[in-house]
Amino acid sequence: MKKNTLMALVTLAAFAVTAAAAPAPWYWWKSKLNGTRVCEQVINGEGWVKDSGPYKDSHCTIPGNPGE
């Protein structure tokens, strides 16, 4: 019985942590090859560098971190 209670508490704690998580911020990334800029949450590969950010929206127009 105690093992089941412990497992239930661990499961509830895991759900509570994920429910409080905010989305990832957006950044402008710039290509090293030709200077093209894209608004993405993660880097596109080795040939890209972070240009500016973070932003709250997918158009990189609202500065700040999501969830603030």
# chains A, B, ... in the order shown; residues from 1 in each chain; ligands from 1

call {"tool": "select_by_dssp", "arguments": {"residues": "chain A", "states": "strand (DSSP E or B)", "output": "MDAnalysis selection string"}}
result
chainID A and resid 26:31 37:40 48:55 63

call {"tool": "write_last_selection", "arguments": {"atoms": "C-alpha atoms", "output": "compact mmCIF listing (two decimals), in the first residue's frame"}}
result
# COMPACT_ATOMS: atom_id res chain seq x y z
CA TRP A 26 12.00 32.68 -29.82
CA TYR A 27 15.19 34.14 -31.30
CA TRP A 28 16.35 35.71 -34.54
CA TRP A 29 18.99 33.44 -36.08
CA LYS A 30 21.33 34.66 -38.84
CA SER A 31 22.93 32.50 -41.51
CA ARG A 37 17.48 35.78 -40.81
CA VAL A 38 14.81 33.45 -39.44
CA CYS A 39 12.74 33.54 -36.25
CA GLU A 40 13.00 30.12 -34.55
CA TRP A 48 23.60 29.78 -37.87
CA VAL A 49 24.29 32.27 -35.07
CA LYS A 50 21.89 33.92 -32.62
CA ASP A 51 21.20 37.46 -33.86
CA SER A 52 18.81 38.77 -31.18
CA GLY A 53 16.21 37.74 -28.66
CA PRO A 54 14.53 36.35 -26.67
CA TYR A 55 11.01 37.07 -27.91
CA PRO A 63 10.59 41.13 -26.52

call {"tool": "select_by_dssp", "arguments": {"residues": "chain A", "states": "alpha helix (DSSP H)", "output": "number ranges by chain"}}
result
A: 2-19

call {"tool": "write_last_selection", "arguments": {"atoms": "C-alpha atoms", "output": "compact mmCIF listing (two decimals), in the first residue's frame"}}
result
# COMPACT_ATOMS: atom_id res chain seq x y z
CA LYS A 2 2.80 2.46 0.83
CA LYS A 3 4.54 1.77 -2.48
CA ASN A 4 1.35 2.65 -4.41
CA THR A 5 0.92 5.87 -2.44
CA LEU A 6 4.53 6.86 -3.10
CA MET A 7 4.14 6.17 -6.83
CA ALA A 8 0.96 8.25 -6.93
CA LEU A 9 2.71 11.18 -5.23
CA VAL A 10 5.69 10.98 -7.60
CA THR A 11 3.34 10.94 -10.60
CA LEU A 12 1.39 13.94 -9.31
CA ALA A 13 4.61 15.85 -8.68
CA ALA A 14 5.79 15.15 -12.23
CA PHE A 15 2.51 16.48 -13.66
CA ALA A 16 2.71 19.59 -11.47
CA VAL A 17 6.20 20.41 -12.75
CA THR A 18 5.24 20.00 -16.41
CA ALA A 19 2.04 22.02 -15.97

call {"tool": "closest_residue", "arguments": {"among": "A:Glu46, A:Gln41, A:Gly35, A:Ala21", "to": "A:Ser58", "atoms": "only C-alpha atoms"}}
result
A:Gln41

call {"tool": "atom_distance", "arguments": {"atom1": "atom CA of A:Gly45", "atom2": "atom CA of A:Lys32"}}
result
10.5 Å

call {"tool": "atom_distance", "arguments": {"atom1": "atom CA of A:Gly64", "atom2": "atom CA of A:Ala24"}}
result
10.9 Å

call {"tool": "decode", "arguments": {"residues": "stretch 26-51 of chain A", "atoms": "N, CA and C atoms", "output": "compact mmCIF listing (two decimals), in the first residue's frame"}}
result
# COMPACT_ATOMS: atom_id res chain seq x y z
N TRP A 26 11.65 32.61 -28.40
CA TRP A 26 12.00 32.68 -29.82
C TRP A 26 13.20 33.59 -30.00
N TYR A 27 14.00 33.33 -31.01
CA TYR A 27 15.19 34.14 -31.30
C TYR A 27 15.29 34.39 -32.80
N TRP A 28 15.94 35.51 -33.16
CA TRP A 28 16.35 35.71 -34.54
C TRP A 28 17.67 34.99 -34.72
N TRP A 29 17.76 34.15 -35.73
CA TRP A 29 18.99 33.44 -36.08
C TRP A 29 19.45 33.95 -37.44
N LYS A 30 20.76 34.12 -37.60
CA LYS A 30 21.33 34.66 -38.84
C LYS A 30 22.26 33.62 -39.46
N SER A 31 22.10 33.43 -40.77
CA SER A 31 22.93 32.50 -41.51
C SER A 31 24.34 33.05 -41.67
N LYS A 32 25.34 32.20 -41.43
CA LYS A 32 26.73 32.59 -41.66
C LYS A 32 27.04 32.61 -43.15
N LEU A 33 26.25 31.88 -43.93
CA LEU A 33 26.50 31.76 -45.36
C LEU A 33 26.09 33.01 -46.13
N ASN A 34 24.82 33.46 -45.93
CA ASN A 34 24.34 34.57 -46.75
C ASN A 34 23.61 35.67 -45.96
N GLY A 35 23.60 35.58 -44.62
CA GLY A 35 22.99 36.63 -43.81
C GLY A 35 21.48 36.54 -43.67
N THR A 36 20.86 35.51 -44.21
CA THR A 36 19.41 35.33 -44.07
C THR A 36 19.06 35.21 -42.60
N ARG A 37 17.95 35.85 -42.20
CA ARG A 37 17.48 35.78 -40.81
C ARG A 37 16.18 35.02 -40.73
N VAL A 38 16.05 34.18 -39.70
CA VAL A 38 14.81 33.45 -39.44
C VAL A 38 14.49 33.54 -37.95
N CYS A 39 13.21 33.52 -37.64
CA CYS A 39 12.74 33.54 -36.25
C CYS A 39 12.40 32.10 -35.87
N GLU A 40 13.18 31.52 -34.96
CA GLU A 40 13.00 30.12 -34.55
C GLU A 40 13.26 30.00 -33.05
N GLN A 41 12.78 28.89 -32.47
CA GLN A 41 13.06 28.62 -31.07
C GLN A 41 14.40 27.93 -30.86
N VAL A 42 14.83 27.16 -31.84
CA VAL A 42 16.10 26.44 -31.74
C VAL A 42 16.96 26.72 -32.96
N ILE A 43 18.25 26.50 -32.81
CA ILE A 43 19.19 26.75 -33.90
C ILE A 43 18.93 25.77 -35.05
N ASN A 44 19.09 26.25 -36.28
CA ASN A 44 18.83 25.42 -37.46
C ASN A 44 19.99 24.52 -37.82
N GLY A 45 21.14 24.75 -37.27
CA GLY A 45 22.31 23.94 -37.59
C GLY A 45 23.58 24.70 -37.31
N GLU A 46 24.67 24.14 -37.76
CA GLU A 46 25.99 24.68 -37.47
C GLU A 46 26.24 26.04 -38.13
N GLY A 47 25.60 26.33 -39.24
CA GLY A 47 25.85 27.55 -39.99
C GLY A 47 25.01 28.74 -39.56
N TRP A 48 24.45 28.70 -38.35
CA TRP A 48 23.60 29.78 -37.87
C TRP A 48 24.12 30.32 -36.55
N VAL A 49 23.93 31.63 -36.33
CA VAL A 49 24.29 32.27 -35.07
C VAL A 49 23.10 33.07 -34.56
N LYS A 50 22.99 33.16 -33.23
CA LYS A 50 21.89 33.92 -32.62
C LYS A 50 22.11 35.39 -32.91
N ASP A 51 21.10 36.05 -33.48
CA ASP A 51 21.20 37.46 -33.86
C ASP A 51 20.59 38.37 -32.79
